[in-house]
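Listing of protein02.cif; format and content: mmCIF, N, CA and C atoms.
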data_input
#
loop_
_atom_site.label_atom_id
_atom_site.label_comp_id
_atom_site.auth_asym_id
_atom_site.auth_seq_id
_atom_site.Cartn_x
_atom_site.Cartn_y
_atom_site.Cartn_z
N MET U 1 155.17 64.88 33.65
CA MET U 1 154.07 63.96 33.82
C MET U 1 154.47 62.62 33.24
N LYS U 2 154.29 61.59 34.02
CA LYS U 2 154.65 60.26 33.58
C LYS U 2 153.38 59.46 33.35
N SER U 3 153.30 58.81 32.22
CA SER U 3 152.16 57.94 31.95
C SER U 3 152.69 56.55 31.63
N PHE U 4 151.85 55.58 31.78
CA PHE U 4 152.25 54.21 31.57
C PHE U 4 151.46 53.67 30.39
N LEU U 5 152.16 53.26 29.36
CA LEU U 5 151.52 52.74 28.16
C LEU U 5 151.91 51.29 27.96
N CYS U 6 150.99 50.52 27.50
CA CYS U 6 151.29 49.15 27.13
C CYS U 6 151.82 49.17 25.71
N LYS U 7 153.10 48.92 25.54
CA LYS U 7 153.72 48.98 24.22
C LYS U 7 153.52 47.69 23.43
N LYS U 8 153.16 46.64 24.12
CA LYS U 8 153.03 45.34 23.47
C LYS U 8 151.64 45.21 22.86
N SER U 9 151.58 44.77 21.63
CA SER U 9 150.27 44.57 21.03
C SER U 9 149.97 43.08 21.04
N PHE U 10 148.73 42.74 21.32
CA PHE U 10 148.35 41.34 21.43
C PHE U 10 146.89 41.17 21.06
N ASN U 11 146.53 39.95 20.76
CA ASN U 11 145.14 39.61 20.43
C ASN U 11 144.60 38.73 21.54
N CYS U 12 143.37 38.99 21.95
CA CYS U 12 142.72 38.17 22.97
C CYS U 12 141.54 37.46 22.33
N THR U 13 141.43 36.19 22.61
CA THR U 13 140.29 35.42 22.14
C THR U 13 139.33 35.24 23.30
N PHE U 14 138.08 35.55 23.08
CA PHE U 14 137.06 35.38 24.09
C PHE U 14 136.41 34.03 23.87
N ASP U 15 136.91 33.03 24.57
CA ASP U 15 136.44 31.66 24.34
C ASP U 15 135.05 31.40 24.93
N PHE U 16 134.48 32.36 25.63
CA PHE U 16 133.14 32.18 26.19
C PHE U 16 132.06 32.56 25.18
N LEU U 17 132.44 33.11 24.01
CA LEU U 17 131.45 33.46 23.00
C LEU U 17 130.91 32.18 22.36
N PRO U 18 129.61 32.09 22.15
CA PRO U 18 129.05 30.89 21.53
C PRO U 18 129.48 30.79 20.07
N SER U 19 129.53 29.57 19.55
CA SER U 19 129.91 29.39 18.15
C SER U 19 128.77 29.77 17.21
N LYS U 20 127.54 29.77 17.73
CA LYS U 20 126.38 30.17 16.92
C LYS U 20 125.50 31.09 17.76
N ASN U 21 124.77 31.99 17.06
CA ASN U 21 123.87 32.89 17.78
C ASN U 21 122.50 32.24 17.94
N LYS U 22 121.52 32.99 18.43
CA LYS U 22 120.19 32.42 18.70
C LYS U 22 119.48 31.96 17.44
N LYS U 23 119.87 32.50 16.29
CA LYS U 23 119.26 32.11 15.01
C LYS U 23 120.03 30.96 14.36
N SER U 24 120.95 30.37 15.10
CA SER U 24 121.81 29.27 14.62
C SER U 24 122.73 29.70 13.49
N GLU U 25 123.01 30.99 13.40
CA GLU U 25 123.98 31.48 12.43
C GLU U 25 125.35 31.52 13.11
N PRO U 26 126.41 31.34 12.33
CA PRO U 26 127.74 31.38 12.94
C PRO U 26 128.02 32.76 13.55
N THR U 27 128.73 32.76 14.66
CA THR U 27 129.09 34.01 15.31
C THR U 27 130.10 34.76 14.45
N VAL U 28 129.88 36.06 14.29
CA VAL U 28 130.79 36.89 13.52
C VAL U 28 131.75 37.55 14.50
N ILE U 29 133.02 37.42 14.23
CA ILE U 29 134.05 38.00 15.10
C ILE U 29 134.57 39.28 14.44
N TYR U 30 134.61 40.35 15.21
CA TYR U 30 135.12 41.63 14.74
C TYR U 30 136.39 41.98 15.50
N GLU U 31 137.31 42.61 14.80
CA GLU U 31 138.51 43.10 15.46
C GLU U 31 138.23 44.48 16.02
N LEU U 32 138.63 44.69 17.25
CA LEU U 32 138.44 45.97 17.90
C LEU U 32 139.76 46.37 18.56
N PRO U 33 140.51 47.25 17.90
CA PRO U 33 141.78 47.67 18.50
C PRO U 33 141.52 48.60 19.69
N VAL U 34 142.13 48.29 20.81
CA VAL U 34 141.95 49.08 22.02
C VAL U 34 143.31 49.42 22.60
N ARG U 35 143.47 50.65 22.98
CA ARG U 35 144.69 51.12 23.62
C ARG U 35 144.35 51.50 25.05
N ILE U 36 145.08 50.96 25.99
CA ILE U 36 144.86 51.24 27.41
C ILE U 36 145.94 52.21 27.87
N VAL U 37 145.52 53.34 28.43
CA VAL U 37 146.45 54.36 28.91
C VAL U 37 146.18 54.58 30.40
N ARG U 38 147.23 54.59 31.19
CA ARG U 38 147.10 54.79 32.63
C ARG U 38 147.84 56.05 33.03
N PHE U 39 147.12 56.97 33.71
CA PHE U 39 147.69 58.24 34.14
C PHE U 39 147.80 58.26 35.65
N LYS U 40 148.88 58.82 36.13
CA LYS U 40 149.03 59.00 37.57
C LYS U 40 148.35 60.32 37.93
N ILE U 41 147.35 60.25 38.80
CA ILE U 41 146.58 61.42 39.21
C ILE U 41 147.19 62.05 40.45
N SER U 42 147.55 61.22 41.41
CA SER U 42 148.20 61.69 42.64
C SER U 42 149.21 60.60 43.05
N ASP U 43 149.76 60.74 44.23
CA ASP U 43 150.78 59.78 44.66
C ASP U 43 150.26 58.35 44.72
N ASP U 44 148.99 58.19 45.05
CA ASP U 44 148.47 56.83 45.23
C ASP U 44 147.24 56.52 44.38
N SER U 45 146.94 57.34 43.37
CA SER U 45 145.78 57.04 42.53
C SER U 45 146.10 57.24 41.05
N TYR U 46 145.43 56.42 40.25
CA TYR U 46 145.63 56.43 38.81
C TYR U 46 144.28 56.48 38.11
N GLU U 47 144.30 56.92 36.87
CA GLU U 47 143.11 56.87 36.02
C GLU U 47 143.47 56.03 34.81
N VAL U 48 142.58 55.12 34.44
CA VAL U 48 142.82 54.24 33.31
C VAL U 48 141.80 54.55 32.23
N ILE U 49 142.28 54.73 31.01
CA ILE U 49 141.41 55.07 29.88
C ILE U 49 141.60 54.02 28.79
N ALA U 50 140.50 53.52 28.26
CA ALA U 50 140.53 52.63 27.10
C ALA U 50 140.07 53.44 25.91
N THR U 51 140.88 53.45 24.86
CA THR U 51 140.56 54.25 23.68
C THR U 51 140.96 53.50 22.42
N ASN U 52 140.37 53.89 21.31
CA ASN U 52 140.79 53.32 20.03
C ASN U 52 141.58 54.35 19.22
N LEU U 53 142.00 55.44 19.86
CA LEU U 53 142.79 56.47 19.19
C LEU U 53 144.24 56.02 19.10
N SER U 54 144.83 56.21 17.95
CA SER U 54 146.19 55.78 17.69
C SER U 54 147.20 56.58 18.51
N GLU U 55 148.26 55.92 18.94
CA GLU U 55 149.32 56.60 19.68
C GLU U 55 150.06 57.58 18.78
N ASP U 56 150.05 57.32 17.48
CA ASP U 56 150.69 58.23 16.52
C ASP U 56 149.96 59.57 16.46
N LEU U 57 148.64 59.54 16.58
CA LEU U 57 147.85 60.77 16.48
C LEU U 57 147.65 61.45 17.82
N PHE U 58 147.49 60.66 18.89
CA PHE U 58 147.23 61.21 20.22
C PHE U 58 148.22 60.62 21.22
N SER U 59 149.13 61.43 21.68
CA SER U 59 150.07 60.98 22.69
C SER U 59 149.33 60.84 24.03
N SER U 60 150.00 60.27 25.00
CA SER U 60 149.36 60.13 26.32
C SER U 60 149.08 61.50 26.93
N ASP U 61 149.95 62.47 26.67
CA ASP U 61 149.70 63.84 27.17
C ASP U 61 148.47 64.45 26.51
N ASP U 62 148.31 64.21 25.19
CA ASP U 62 147.12 64.71 24.48
C ASP U 62 145.84 64.10 25.06
N LEU U 63 145.89 62.79 25.33
CA LEU U 63 144.71 62.13 25.89
C LEU U 63 144.37 62.66 27.27
N LYS U 64 145.37 62.87 28.09
CA LYS U 64 145.12 63.38 29.44
C LYS U 64 144.50 64.77 29.36
N TYR U 65 145.00 65.61 28.47
CA TYR U 65 144.46 66.96 28.29
C TYR U 65 143.01 66.89 27.80
N THR U 66 142.75 66.03 26.81
CA THR U 66 141.41 65.91 26.24
C THR U 66 140.41 65.40 27.27
N VAL U 67 140.80 64.42 28.06
CA VAL U 67 139.91 63.90 29.10
C VAL U 67 139.66 64.97 30.15
N GLY U 68 140.68 65.74 30.48
CA GLY U 68 140.50 66.85 31.42
C GLY U 68 139.50 67.87 30.91
N LEU U 69 139.57 68.18 29.62
CA LEU U 69 138.59 69.11 29.03
C LEU U 69 137.18 68.55 29.09
N ARG U 70 137.06 67.25 28.84
CA ARG U 70 135.74 66.63 28.87
C ARG U 70 135.14 66.73 30.27
N TYR U 71 135.94 66.42 31.28
CA TYR U 71 135.44 66.51 32.66
C TYR U 71 135.10 67.95 33.01
N PHE U 72 135.92 68.89 32.56
CA PHE U 72 135.67 70.30 32.82
C PHE U 72 134.33 70.73 32.23
N HIS U 73 134.06 70.32 30.97
CA HIS U 73 132.80 70.68 30.33
C HIS U 73 131.62 69.99 31.00
N ALA U 74 131.80 68.75 31.44
CA ALA U 74 130.72 68.05 32.14
C ALA U 74 130.38 68.76 33.44
N ILE U 75 131.38 69.21 34.17
CA ILE U 75 131.14 69.92 35.42
C ILE U 75 130.45 71.26 35.15
N LEU U 76 130.89 71.97 34.10
CA LEU U 76 130.23 73.23 33.75
C LEU U 76 128.77 73.00 33.40
N PHE U 77 128.48 71.93 32.67
CA PHE U 77 127.11 71.63 32.29
C PHE U 77 126.27 71.34 33.53
N LEU U 78 126.79 70.55 34.46
CA LEU U 78 126.05 70.25 35.68
C LEU U 78 125.81 71.51 36.51
N ASP U 79 126.80 72.39 36.57
CA ASP U 79 126.62 73.65 37.28
C ASP U 79 125.53 74.49 36.62
N PHE U 80 125.52 74.51 35.29
CA PHE U 80 124.51 75.26 34.55
C PHE U 80 123.11 74.71 34.84
N ILE U 81 122.97 73.40 34.79
CA ILE U 81 121.67 72.77 35.05
C ILE U 81 121.22 73.06 36.48
N SER U 82 122.15 72.97 37.44
CA SER U 82 121.80 73.27 38.84
C SER U 82 121.32 74.71 38.98
N LEU U 83 122.00 75.63 38.29
CA LEU U 83 121.60 77.03 38.34
C LEU U 83 120.22 77.23 37.72
N MET U 84 119.95 76.57 36.62
CA MET U 84 118.63 76.69 35.97
C MET U 84 117.53 76.15 36.88
N ILE U 85 117.79 75.04 37.56
CA ILE U 85 116.81 74.48 38.49
C ILE U 85 116.57 75.44 39.64
N LEU U 86 117.65 76.02 40.14
CA LEU U 86 117.53 76.99 41.24
C LEU U 86 116.70 78.20 40.81
N ILE U 87 116.96 78.72 39.63
CA ILE U 87 116.21 79.87 39.11
C ILE U 87 114.74 79.51 38.93
N GLU U 88 114.51 78.32 38.37
CA GLU U 88 113.11 77.86 38.16
C GLU U 88 112.37 77.73 39.48
N SER U 89 113.03 77.18 40.49
CA SER U 89 112.36 76.96 41.76
C SER U 89 112.04 78.30 42.45
N HIS U 90 112.92 79.27 42.32
CA HIS U 90 112.65 80.59 42.94
C HIS U 90 111.64 81.39 42.12
N ALA U 91 111.64 81.20 40.81
CA ALA U 91 110.70 81.93 39.98
C ALA U 91 109.27 81.43 40.18
N SER U 92 109.12 80.15 40.53
CA SER U 92 107.77 79.61 40.67
C SER U 92 107.09 80.05 41.97
N PHE U 93 107.86 80.55 42.96
CA PHE U 93 107.28 81.00 44.21
C PHE U 93 106.76 82.43 44.15
N SER U 94 107.14 83.18 43.14
CA SER U 94 106.71 84.58 43.10
C SER U 94 105.37 84.77 42.45
#
Spell out the structure here as structure tokens.
Amino acid sequence: MKSFLCKKSFNCTFDFLPSKNKKSEPTVIYELPVRIVRFKISDDSYEVIATNLSEDLFSSDDLKYTVGLRYFHAILFLDFISLMILIESHASFS
């Protein structure tokens, strides 16, 4: 499995932020480290994930596995809810 990681670290300044907020207080700037990971899903499609998890702790393979688990659990939950609705609808007719 090949993944594409941005190895270069950089800072972006958002120059569209106002210098003061609505209360005329100076705008507070916070640092937010973000790691962008791109996975190849098929020959012509990719999935892009933005995370704040360190590359030292979570490799790109770990992230792909974790995201796969999340989607798997989300699908299981939706199937469960659909089944409960189906049972409710049939139980109310009897």
Note to self: Between atom C of U:Ser60 and atom N of U:Leu78, what distance in Å does the model show, to one decimal?
What the structure shows: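 Pair atom C of U:Ser60 / atom N of U:Leu78 returns 25.2 Å.
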Margin query: Using all atoms listed in the file for the distances, tell me which of U:Leu86, U:Leu17, U:Leu69, U:Leu53 is nearest to U:Pro33.
Written below: U:Leu53
Note to self: Given only C-alpha atoms as the basis, pick out the residue of U:Phe39, U:Thr27, U:Asp44, U:Ser19 nearest to U:Tyr65.
What the structure shows: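 Answer, going by the shortest atom-to-atom distance: U:Phe39.
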Check: Which of these residues is nearest to U:Ser54, using only C-alpha atoms: U:Lys23, U:His90, U:Arg35, U:Arg70?
Finding: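 Using only C-alpha atoms, the shortest distance to U:Ser54 belongs to U:Arg35.
Closest approach to U:Val37 among U:Glu25, U:Phe77, U:Ala91, U:Ala50 is made by U:Ala50 (distances from only N, CA and C atoms).
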Determine which residues of stretch 20-72 of chain U receive a DSSP assignment of alpha helix (DSSP H), computed from the backbone, and state them as an mmCIF file with N, CA and C atoms, keeping the file's coordinate frame.
data_model
loop_
_atom_site.group_PDB
_atom_site.id
_atom_site.type_symbol
_atom_site.label_atom_id
_atom_site.label_comp_id
_atom_site.auth_asym_id
_atom_site.auth_seq_id
_atom_site.Cartn_x
_atom_site.Cartn_y
_atom_site.Cartn_z
ATOM 1 N N SER U 60 150.000 60.270 25.000
ATOM 2 C CA SER U 60 149.360 60.130 26.320
ATOM 3 C C SER U 60 149.080 61.500 26.930
ATOM 4 N N ASP U 61 149.950 62.470 26.670
ATOM 5 C CA ASP U 61 149.700 63.840 27.170
ATOM 6 C C ASP U 61 148.470 64.450 26.510
ATOM 7 N N ASP U 62 148.310 64.210 25.190
ATOM 8 C CA ASP U 62 147.120 64.710 24.480
ATOM 9 C C ASP U 62 145.840 64.100 25.060
ATOM 10 N N LEU U 63 145.890 62.790 25.330
ATOM 11 C CA LEU U 63 144.710 62.130 25.890
ATOM 12 C C LEU U 63 144.370 62.660 27.270
ATOM 13 N N LYS U 64 145.370 62.870 28.090
ATOM 14 C CA LYS U 64 145.120 63.380 29.440
ATOM 15 C C LYS U 64 144.500 64.770 29.360
ATOM 16 N N TYR U 65 145.000 65.610 28.470
ATOM 17 C CA TYR U 65 144.460 66.960 28.290
ATOM 18 C C TYR U 65 143.010 66.890 27.800
ATOM 19 N N THR U 66 142.750 66.030 26.810
ATOM 20 C CA THR U 66 141.410 65.910 26.240
ATOM 21 C C THR U 66 140.410 65.400 27.270
ATOM 22 N N VAL U 67 140.800 64.420 28.060
ATOM 23 C CA VAL U 67 139.910 63.900 29.100
ATOM 24 C C VAL U 67 139.660 64.970 30.150
ATOM 25 N N GLY U 68 140.680 65.740 30.480
ATOM 26 C CA GLY U 68 140.500 66.850 31.420
ATOM 27 C C GLY U 68 139.500 67.870 30.910
ATOM 28 N N LEU U 69 139.570 68.180 29.620
ATOM 29 C CA LEU U 69 138.590 69.110 29.030
ATOM 30 C C LEU U 69 137.180 68.550 29.090
ATOM 31 N N ARG U 70 137.060 67.250 28.840
ATOM 32 C CA ARG U 70 135.740 66.630 28.870
ATOM 33 C C ARG U 70 135.140 66.730 30.270
ATOM 34 N N TYR U 71 135.940 66.420 31.280
ATOM 35 C CA TYR U 71 135.440 66.510 32.660
ATOM 36 C C TYR U 71 135.100 67.950 33.010
ATOM 37 N N PHE U 72 135.920 68.890 32.560
ATOM 38 C CA PHE U 72 135.670 70.300 32.820
ATOM 39 C C PHE U 72 134.330 70.730 32.230
#
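Shortest separation to U:Ile36 among U:Asp79, U:Pro18, U:Leu63, U:Ser24 occurs at residue U:Leu63, atoms counted being only C-alpha atoms.
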Note to self: Between U:Lys22, U:Ile75, U:Leu57, U:Lys64, which residue has the minimum interatomic distance to U:Lys40, considering only C-alpha atoms?
What the structure shows: U:Lys64
Box centre and edge lengths (Å, one decimal), axis-aligned, stretch 30-45 of chain U plus 8 Å each side, as AutoDock Vina command-line options:
--center_x 142.7 --center_y 51.2 --center_z 30.0 --size_x 32.2 --size_y 37.7 --size_z 46.5
Notebook entry, point to check: So what do you get for atom CA of U:Ser42 versus atom CA of U:His73, distance-wise?
Noted result: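 Separation between atom CA of U:Ser42 and atom CA of U:His73: 21.7 Å.
Residue-level DSSP output for stretch 25-76 of chain U, from the backbone, shows strand (DSSP E) at U:Arg35, U:Ile36, U:Val37, U:Arg38, U:Phe39, U:Lys40, U:Ile41, U:Ser42, U:Ser45, U:Tyr46, U:Glu47, U:Val48, U:Ile49, U:Ala50, U:Thr51.
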